[in-house]
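File shown: input_9.pdb. Contents: PDB, C-alpha atoms.
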ATOM      1  CA  MET A  93     163.302  22.599  17.920
ATOM      2  CA  THR A  94     160.337  20.229  17.756
ATOM      3  CA  VAL A  95     158.171  19.520  14.737
ATOM      4  CA  ALA A  96     155.298  21.352  16.427
ATOM      5  CA  THR A  97     157.243  24.654  16.504
ATOM      6  CA  ARG A  98     158.338  24.445  12.872
ATOM      7  CA  VAL A  99     154.855  24.573  11.340
ATOM      8  CA  PRO A 100     152.233  27.326  11.456
ATOM      9  CA  GLN A 101     149.405  27.215  13.951
ATOM     10  CA  GLN A 102     146.574  29.629  13.327
ATOM     11  CA  ARG A 103     142.945  30.257  14.066
ATOM     12  CA  ALA A 104     141.242  29.703  10.732
ATOM     13  CA  GLU A 105     137.814  31.014   9.816
ATOM     14  CA  LEU A 106     135.437  28.675   8.007
ATOM     15  CA  LEU A 107     134.765  30.389   4.675
ATOM     16  CA  ALA A 108     132.534  27.809   2.992
ATOM     17  CA  THR A 109     130.992  24.401   3.601
ATOM     18  CA  GLU A 110     129.440  22.051   1.063
ATOM     19  CA  ARG A 111     127.788  18.647   1.403
ATOM     20  CA  ILE A 112     128.996  16.193  -1.263
ATOM     21  CA  GLY A 113     127.451  12.742  -0.968
ATOM     22  CA  ALA A 114     128.456  11.287   2.389
ATOM     23  CA  TYR A 115     131.098  13.965   2.953
ATOM     24  CA  HIS A 116     131.561  17.667   3.632
ATOM     25  CA  ARG A 117     134.063  19.890   1.842
ATOM     26  CA  LEU A 118     135.242  22.714   4.115
ATOM     27  CA  ARG A 119     137.283  25.765   3.132
ATOM     28  CA  PHE A 120     139.181  27.712   5.776
ATOM     29  CA  GLY A 121     141.023  30.987   5.581
ATOM     30  CA  ALA A 122     144.539  29.969   6.610
ATOM     31  CA  PRO A 123     147.152  31.925   4.614
ATOM     32  CA  ASP A 124     150.103  30.798   6.747
ATOM     33  CA  VAL A 125     149.218  27.154   6.171
ATOM     34  CA  ALA A 126     148.312  27.567   2.504
ATOM     35  CA  ALA A 127     151.572  29.327   1.674
ATOM     36  CA  ARG A 128     153.637  26.261   2.649
ATOM     37  CA  ALA A 129     151.356  23.374   1.732
ATOM     38  CA  LEU A 130     151.979  20.720  -0.946
ATOM     39  CA  PRO A 131     149.812  17.836  -2.213
ATOM     40  CA  GLY A 132     149.910  14.878   0.165
ATOM     41  CA  GLN A 133     150.337  16.910   3.345
ATOM     42  CA  PHE A 134     147.681  17.314   6.019
ATOM     43  CA  VAL A 135     146.435  19.587   8.787
ATOM     44  CA  ALA A 136     145.532  18.813  12.401
ATOM     45  CA  ALA A 137     142.375  20.552  13.628
ATOM     46  CA  ALA A 138     141.222  21.155  17.192
ATOM     47  CA  VAL A 139     137.568  20.143  17.420
ATOM     48  CA  GLY A 140     134.846  21.160  19.842
ATOM     49  CA  GLY A 141     133.971  24.519  21.331
ATOM     50  CA  PRO A 142     135.459  26.042  24.485
ATOM     51  CA  LEU A 143     133.100  24.014  26.689
ATOM     52  CA  SER A 144     133.139  20.806  24.642
ATOM     53  CA  ALA A 145     136.652  20.542  23.219
ATOM     54  CA  HIS A 146     138.109  17.095  22.578
ATOM     55  CA  LEU A 147     141.614  16.469  23.803
ATOM     56  CA  LEU A 148     143.002  15.129  20.533
ATOM     57  CA  ARG A 149     143.113  16.937  17.217
ATOM     58  CA  ARG A 150     141.685  15.415  14.059
ATOM     59  CA  CYS A 151     143.962  15.069  11.026
ATOM     60  CA  PHE A 152     142.745  15.653   7.471
ATOM     61  CA  SER A 153     144.509  15.455   4.104
ATOM     62  CA  LEU A 154     144.594  18.738   2.260
ATOM     63  CA  HIS A 155     142.224  18.697  -0.684
ATOM     64  CA  ARG A 156     143.651  21.956  -1.994
ATOM     65  CA  ALA A 157     145.554  25.029  -0.787
ATOM     66  CA  GLU A 158     145.426  28.246  -2.778
ATOM     67  CA  GLY A 159     144.533  31.919  -2.489
ATOM     68  CA  GLY A 160     145.178  31.959   1.250
ATOM     69  CA  GLY A 161     142.686  29.169   1.880
ATOM     70  CA  VAL A 162     142.867  25.441   2.563
ATOM     71  CA  GLU A 163     140.224  22.813   1.858
ATOM     72  CA  VAL A 164     139.633  19.501   3.573
ATOM     73  CA  VAL A 165     137.067  16.750   3.078
ATOM     74  CA  VAL A 166     135.471  15.350   6.219
ATOM     75  CA  ALA A 167     133.303  12.287   6.850
ATOM     76  CA  PRO A 168     131.096  13.008   9.905
ATOM     77  CA  ARG A 169     131.537   9.814  11.907
ATOM     78  CA  GLY A 170     132.276  10.636  15.550
ATOM     79  CA  PRO A 171     131.563  13.614  17.835
ATOM     80  CA  GLY A 172     134.663  15.512  16.686
ATOM     81  CA  THR A 173     134.058  15.271  12.956
ATOM     82  CA  ARG A 174     130.330  15.904  13.412
ATOM     83  CA  TRP A 175     131.134  19.087  15.353
ATOM     84  CA  LEU A 176     133.403  20.187  12.521
ATOM     85  CA  THR A 177     130.885  19.541   9.754
ATOM     86  CA  GLU A 178     128.152  21.341  11.712
ATOM     87  CA  LEU A 179     130.293  24.439  12.224
ATOM     88  CA  PRO A 180     128.614  27.500  10.669
ATOM     89  CA  VAL A 181     130.361  29.696   8.130
ATOM     90  CA  GLY A 182     132.312  32.279  10.125
ATOM     91  CA  GLY A 183     133.197  29.775  12.838
ATOM     92  CA  VAL A 184     136.827  29.471  13.844
ATOM     93  CA  VAL A 185     139.002  26.360  14.095
ATOM     94  CA  ASP A 186     142.572  26.093  15.395
ATOM     95  CA  LEU A 187     144.690  24.498  12.643
ATOM     96  CA  VAL A 188     148.267  23.214  12.683
ATOM     97  CA  GLY A 189     149.910  22.534   9.344
ATOM     98  CA  PRO A 190     150.977  21.723   6.802
ATOM     99  CA  LEU A 191     152.211  18.468   8.319
ATOM    100  CA  GLY A 192     153.829  15.359   6.889
ATOM    101  CA  THR A 193     155.611  14.590   3.641
ATOM    102  CA  PRO A 194     154.136  15.523   0.243
ATOM    103  CA  PHE A 195     153.817  13.316  -2.821
ATOM    104  CA  PRO A 196     157.057  13.340  -4.858
ATOM    105  CA  LEU A 197     156.302  14.675  -8.344
ATOM    106  CA  ALA A 198     157.013  12.468 -11.341
ATOM    107  CA  GLN A 199     159.553  13.496 -13.937
ATOM    108  CA  PRO A 200     158.113  15.844 -16.577
ATOM    109  CA  GLY A 201     156.127  13.913 -19.159
ATOM    110  CA  ALA A 202     155.932  10.654 -17.192
ATOM    111  CA  PRO A 203     152.510   8.946 -17.396
ATOM    112  CA  CYS A 204     150.767   8.852 -14.018
ATOM    113  CA  VAL A 205     147.877   6.888 -12.561
ATOM    114  CA  LEU A 206     146.167   8.277  -9.457
ATOM    115  CA  VAL A 207     144.017   5.940  -7.363
ATOM    116  CA  GLY A 208     141.621   7.094  -4.646
ATOM    117  CA  GLY A 209     139.386   5.128  -2.305
ATOM    118  CA  GLY A 210     136.347   6.934  -0.849
ATOM    119  CA  TYR A 211     137.213  10.408   0.374
ATOM    120  CA  GLY A 212     140.851   9.326   0.324
ATOM    121  CA  SER A 213     140.778  10.695  -3.217
ATOM    122  CA  ALA A 214     140.604  14.267  -1.825
ATOM    123  CA  PRO A 215     144.327  15.169  -2.231
ATOM    124  CA  LEU A 216     144.655  13.582  -5.670
ATOM    125  CA  PHE A 217     142.948  16.346  -7.646
ATOM    126  CA  TRP A 218     145.433  18.965  -6.461
ATOM    127  CA  LEU A 219     148.237  16.500  -7.194
ATOM    128  CA  ALA A 220     146.824  15.924 -10.687
ATOM    129  CA  ASP A 221     146.939  19.673 -11.336
ATOM    130  CA  GLN A 222     150.603  19.769 -10.364
ATOM    131  CA  LEU A 223     151.464  16.766 -12.539
ATOM    132  CA  ARG A 224     149.693  18.111 -15.605
ATOM    133  CA  ARG A 225     151.637  21.352 -15.300
ATOM    134  CA  ARG A 226     154.742  19.182 -15.708
ATOM    135  CA  GLY A 227     153.346  17.682 -18.894
ATOM    136  CA  CYS A 228     152.413  14.368 -17.269
ATOM    137  CA  PRO A 229     149.386  12.570 -18.734
ATOM    138  CA  VAL A 230     147.091  11.672 -15.828
ATOM    139  CA  ARG A 231     144.677   8.776 -15.458
ATOM    140  CA  LEU A 232     142.382   8.671 -12.452
ATOM    141  CA  VAL A 233     140.748   5.693 -10.759
ATOM    142  CA  LEU A 234     138.099   6.362  -8.117
ATOM    143  CA  GLY A 235     136.582   3.605  -6.010
ATOM    144  CA  ALA A 236     134.206   3.268  -3.070
ATOM    145  CA  ALA A 237     131.664   0.948  -1.519
ATOM    146  CA  SER A 238     128.771   2.812  -3.178
ATOM    147  CA  ALA A 239     128.127   5.875  -5.334
ATOM    148  CA  ASP A 240     127.483   8.185  -2.365
ATOM    149  CA  ARG A 241     130.866   7.214  -0.890
ATOM    150  CA  LEU A 242     132.811   8.382  -3.928
ATOM    151  CA  PHE A 243     134.415  11.803  -3.866
ATOM    152  CA  GLY A 244     135.411  13.963  -6.803
ATOM    153  CA  ILE A 245     133.332  12.565  -9.645
ATOM    154  CA  ASP A 246     132.450  16.136 -10.644
ATOM    155  CA  LEU A 247     136.129  17.160 -10.600
ATOM    156  CA  ALA A 248     137.665  14.146 -12.310
ATOM    157  CA  ALA A 249     137.255  15.175 -15.945
ATOM    158  CA  GLU A 250     138.910  18.527 -15.224
ATOM    159  CA  VAL A 251     142.196  16.964 -14.069
ATOM    160  CA  ALA A 252     142.526  13.649 -15.913
ATOM    161  CA  GLU A 253     142.548  12.441 -19.509
ATOM    162  CA  ASP A 254     140.966   9.144 -18.503
ATOM    163  CA  VAL A 255     138.689   8.408 -15.532
ATOM    164  CA  ARG A 256     137.659   4.979 -14.249
ATOM    165  CA  VAL A 257     135.082   4.508 -11.497
ATOM    166  CA  THR A 258     134.401   1.383  -9.450
ATOM    167  CA  THR A 259     131.890   0.663  -6.696
ATOM    168  CA  ASP A 260     131.559  -2.470  -4.623
ATOM    169  CA  ASP A 261     127.786  -2.608  -5.161
ATOM    170  CA  GLY A 262     127.805  -1.545  -8.813
ATOM    171  CA  SER A 263     125.787   1.609  -8.137
ATOM    172  CA  LEU A 264     128.164   3.592 -10.375
ATOM    173  CA  GLY A 265     130.855   2.601 -12.839
ATOM    174  CA  THR A 266     132.342  -0.884 -12.834
ATOM    175  CA  GLN A 267     131.207  -3.224 -10.082
ATOM    176  CA  GLY A 268     134.266  -4.291  -8.148
ATOM    177  CA  TRP A 269     137.427  -2.784  -6.707
ATOM    178  CA  VAL A 270     140.006  -0.366  -8.067
ATOM    179  CA  SER A 271     142.392  -3.307  -8.263
ATOM    180  CA  ASP A 272     140.133  -4.831 -10.932
ATOM    181  CA  VAL A 273     140.776  -2.007 -13.431
ATOM    182  CA  LEU A 274     144.269  -0.894 -12.423
ATOM    183  CA  PRO A 275     146.347  -3.639 -14.120
ATOM    184  CA  GLY A 276     145.334  -2.458 -17.589
ATOM    185  CA  LEU A 277     146.478   1.082 -16.813
ATOM    186  CA  THR A 278     149.875   0.335 -15.283
ATOM    187  CA  THR A 279     153.125  -0.228 -17.150
ATOM    188  CA  ARG A 280     156.786  -0.076 -16.222
ATOM    189  CA  ASP A 281     156.951   3.609 -17.153
ATOM    190  CA  THR A 282     153.924   4.579 -15.060
ATOM    191  CA  VAL A 283     154.170   6.405 -11.750
ATOM    192  CA  VAL A 284     151.324   5.380  -9.456
ATOM    193  CA  TYR A 285     149.898   7.479  -6.624
ATOM    194  CA  ALA A 286     147.261   6.245  -4.192
ATOM    195  CA  CYS A 287     145.365   7.368  -1.118
ATOM    196  CA  GLY A 288     142.672   5.385   0.660
ATOM    197  CA  PRO A 289     142.136   2.391   2.936
ATOM    198  CA  MET A 290     145.206   0.349   3.803
ATOM    199  CA  ALA A 291     143.905  -2.802   2.089
ATOM    200  CA  MET A 292     143.487  -0.822  -1.127
ATOM    201  CA  LEU A 293     146.992   0.631  -0.839
ATOM    202  CA  ARG A 294     148.416  -2.846  -0.411
ATOM    203  CA  ALA A 295     146.608  -4.067  -3.538
ATOM    204  CA  VAL A 296     147.680  -1.029  -5.558
ATOM    205  CA  THR A 297     151.291  -1.524  -4.486
ATOM    206  CA  GLY A 298     151.196  -5.166  -5.529
ATOM    207  CA  ILE A 299     149.856  -4.327  -8.988
ATOM    208  CA  ALA A 300     152.372  -1.518  -9.511
ATOM    209  CA  THR A 301     155.280  -3.677  -8.363
ATOM    210  CA  ALA A 302     154.224  -6.542 -10.633
ATOM    211  CA  ALA A 303     154.264  -4.122 -13.571
ATOM    212  CA  GLY A 304     157.702  -2.810 -12.617
ATOM    213  CA  ALA A 305     156.282   0.579 -11.597
ATOM    214  CA  VAL A 306     156.712   2.585  -8.406
ATOM    215  CA  ALA A 307     153.687   3.398  -6.234
ATOM    216  CA  HIS A 308     153.643   6.314  -3.810
ATOM    217  CA  VAL A 309     150.942   5.780  -1.193
ATOM    218  CA  ALA A 310     149.498   8.092   1.460
ATOM    219  CA  VAL A 311     148.692   5.783   4.362
ATOM    220  CA  GLU A 312     145.620   6.060   6.558
ATOM    221  CA  GLU A 313     146.965   5.452  10.044
ATOM    222  CA  SER A 314     145.208   6.924  13.097
ATOM    223  CA  MET A 315     147.098   9.971  14.363
ATOM    224  CA  ALA A 316     146.549  11.232  17.873
ATOM    225  CA  CYS A 317     148.906  14.227  17.757
ATOM    226  CA  GLY A 318     149.987  14.658  14.130
ATOM    227  CA  VAL A 319     153.415  16.054  15.068
ATOM    228  CA  GLY A 320     155.491  12.978  15.918
ATOM    229  CA  ILE A 321     155.180  12.951  19.711
ATOM    230  CA  CYS A 322     152.645  10.273  20.668
ATOM    231  CA  MET A 323     153.924   7.364  18.476
ATOM    232  CA  THR A 324     150.404   6.044  17.866
ATOM    233  CA  CYS A 325     150.723   6.094  14.060
ATOM    234  CA  VAL A 326     153.877   3.991  13.660
ATOM    235  CA  LEU A 327     154.107   1.352  10.953
ATOM    236  CA  PRO A 328     156.929  -0.850   9.638
ATOM    237  CA  VAL A 329     158.804   0.529   6.639
ATOM    238  CA  ARG A 330     161.847  -0.950   4.953
ATOM    239  CA  SER A 331     164.713   1.450   4.208
ATOM    240  CA  GLU A 332     166.582   1.576   0.914
ATOM    241  CA  GLY A 333     169.185  -0.618   2.555
ATOM    242  CA  GLY A 334     166.590  -3.231   3.504
ATOM    243  CA  VAL A 335     166.370  -2.466   7.248
ATOM    244  CA  THR A 336     162.854  -2.418   8.713
ATOM    245  CA  ARG A 337     162.047   0.276  11.260
ATOM    246  CA  MET A 338     158.839   1.399  12.930
ATOM    247  CA  VAL A 339     158.367   4.946  11.628
ATOM    248  CA  ARG A 340     155.799   7.656  12.306
ATOM    249  CA  SER A 341     153.190   8.173   9.601
ATOM    250  CA  CYS A 342     152.711  11.799  10.598
ATOM    251  CA  VAL A 343     156.384  12.815  10.282
ATOM    252  CA  GLU A 344     158.199  10.328   8.041
ATOM    253  CA  GLY A 345     154.920   9.925   6.105
ATOM    254  CA  PRO A 346     152.063   9.886   5.361
ATOM    255  CA  VAL A 347     153.479   9.359   1.860
ATOM    256  CA  PHE A 348     155.725   6.323   1.442
ATOM    257  CA  ARG A 349     156.965   4.219  -1.427
ATOM    258  CA  GLY A 350     154.477   1.380  -1.411
ATOM    259  CA  ASP A 351     157.109  -1.290  -1.994
ATOM    260  CA  ARG A 352     158.850  -0.312   1.245
ATOM    261  CA  VAL A 353     155.827  -0.624   3.520
ATOM    262  CA  ARG A 354     155.753  -4.011   5.266
ATOM    263  CA  TRP A 355     152.243  -4.959   4.242
ATOM    264  CA  ASP A 356     152.790  -8.439   5.648
ATOM    265  CA  ALA A 357     152.571  -6.911   9.137
ATOM    266  CA  PHE A 358     148.938  -5.815   8.654
ATOM    267  CA  GLU A 359     146.072  -8.150   9.431
ATOM    268  CA  ASN A 360     142.398  -7.559  10.296
ATOM    269  CA  GLY A 361     142.932  -3.854  10.852
ATOM    270  CA  TRP A 362     145.925  -4.323  13.147
ATOM    271  CA  CYS A 363     149.622  -3.828  12.555
ATOM    272  CA  ARG A 364     152.194  -5.932  14.378
ATOM    273  CA  VAL A 365     155.907  -5.261  14.808
ATOM    274  CA  PRO A 366     157.811  -7.571  12.440
ATOM    275  CA  ALA A 367     160.275  -9.814  14.239
ATOM    276  CA  ASP A 368     163.141  -8.465  12.129
ATOM    277  CA  ALA A 369     162.341  -4.789  12.768
ATOM    278  CA  VAL A 370     164.877  -2.694  14.658
ATOM    279  CA  GLY A 371     163.942  -2.814  18.346
ATOM    280  CA  ALA A 372     161.376  -5.602  17.950
ATOM    281  CA  PRO A 373     160.525  -7.477  21.180
ATOM    282  CA  GLY A 374     162.863 -10.390  21.732
ATOM    283  CA  GLN A 375     165.687  -9.017  19.627
ATOM    284  CA  ALA A 376     169.110  -8.981  21.222
ATOM    285  CA  THR A 377     170.345  -5.491  21.958
ATOM    286  CA  ARG A 378     173.877  -4.474  21.025
ATOM    287  CA  ALA A 379     174.908  -4.843  24.661
ATOM    288  CA  ASP A 380     173.337  -8.294  24.833
ATOM    289  CA  ALA A 381     175.284  -9.330  21.766
ATOM    290  CA  GLN A 382     178.646  -8.627  23.337
ATOM    291  CA  PRO A 383     180.647 -11.773  24.228
TER
END

Representation of the structure as structure tokens:
Amino acid sequence: MTVATRVPQQRAELLATERIGAYHRLRFGAPDVAARALPGQFVAAAVGGPLSAHLLRRCFSLHRAEGGGVEVVVAPRGPGTRWLTELPVGGVVDLVGPLGTPFPLAQPGAPCVLVGGGYGSAPLFWLADQLRRRGCPVRLVLGAASADRLFGIDLAAEVAEDVRVTTDDGSLGTQGWVSDVLPGLTTRDTVVYACGPMAMLRAVTGIATAAGAVAHVAVEESMACGVGICMTCVLPVRSEGGVTRMVRSCVEGPVFRGDRVRWDAFENGWCRVPADAVGAPGQATRADAQP
């Protein structure tokens, strides 16, 4: 049985749409998806009408799933996402989900720091709810290039005891990056969660590791299918035993332990295959190694 046949696929009606800064928050009626969803997972949406459909689905982290509905946050950048954000209430979208691995929940009472970059912060508010129900104190760090690129400022105080905001241009909060304020919030006992641009995730992982903490990061790799078939979203991840393999973000991820992602393989928006990864070009195969 393939991954695609194990998860619900349903035609979901758009129940509400709201413009928030540079983004749109969309709520769909999707009880089959909502019933199985957990923070950190995502859905894959077919975009375009019957005469304008795009071949590939678009994948979005779940902002929340409750009461038979699911919410996603969309940045209207290309034709597909613009079509989605312009859909009128009552319109129908084909959704597949929930997909991917969820965030692992910290032990009850463990202090947690949640870090979001841009609209990558969308799944963190639902996660914060879950953590607080376990008695975990939650601190939240939100960062973006500018104030209009932040998401969740209005929700932050409801889910976190402490909220820090950074913007590159200083238009809101501290001028700088999330990595500028994170060191003072992270100790050995802290569990760190992050979602946002890959460069931010790398920085967050480095700070957490230096403090002796574990970071769980939801990576932002482009996904063409979302169900593990096309192999476009692979990235190098080190196993517990130290072996590096190219794994699929959509199936084995999108949530990984940050200290196991091979950040050294990423450069200028590209990811290369590390020379020591299983199956890397130029490696001797088992047959080649025979005398």

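One distance worth recording is that between CA of Cys151 in chain A and CA of Leu234 in chain A, which is 21.8 Å.
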
Next on the checklist: Can you translate the PyMOL selection byres ((chain A and resi 324-334) around 10) into the concrete residues it hits in this file, as a ChimeraX atom specification?
Outcome noted: /A:311-318,320-323,335-346,348-358,363-366,369-370

Item to check | Resolved residues for the PyMOL selection byres ((chain A and resi 179) around 10) as number ranges by chain | outcome: A: 106, 109, 118, 139-141, 173-178, 180-185

Next on the checklist: Env of Thr278 in chain A: 10 Å cut, atoms = only C-alpha atoms, seq-sep filter 6 positions within chain, self excluded. Answer as a PyMOL selection string.
Outcome noted: chain A and resi 203-205+231+284+299-306

Using all atoms listed in the file, I'd like a table of the residues in range 249-296 of chain A that come within 6 Å of range 206-214 of chain A; for each, show the closest atom pair and its distance in Å rounded to one decimal, ordered by chain and ascending number, as a Markdown table.
| residue | atom | partner | partner_atom | distance |
| --- | --- | --- | --- | --- |
| A:Val284 | CA | A:Leu206 | CA | 5.9 |
| A:Tyr285 | CA | A:Leu206 | CA | 4.8 |
| A:Ala286 | CA | A:Val207 | CA | 4.5 |
| A:Cys287 | CA | A:Gly212 | CA | 5.1 |
| A:Gly288 | CA | A:Gly212 | CA | 4.4 |

Write out, as a PDB file, in the frame of the given file, the residues just selected, with C-alpha atoms.
ATOM      1  CA  VAL A 284     151.324   5.380  -9.456  1.00  0.00           C
ATOM      2  CA  TYR A 285     149.898   7.479  -6.624  1.00  0.00           C
ATOM      3  CA  ALA A 286     147.261   6.245  -4.192  1.00  0.00           C
ATOM      4  CA  CYS A 287     145.365   7.368  -1.118  1.00  0.00           C
ATOM      5  CA  GLY A 288     142.672   5.385   0.660  1.00  0.00           C
TER       6      GLY A 288
END

Next on the checklist: Ranking A:Pro373, A:Pro131, A:Gly235, A:Pro229 by minimum distance to Phe195 in chain A and counting all atoms listed in the file, which one comes first?
Outcome noted: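 Smallest separation from Phe195 in chain A among the options: A:Pro131.
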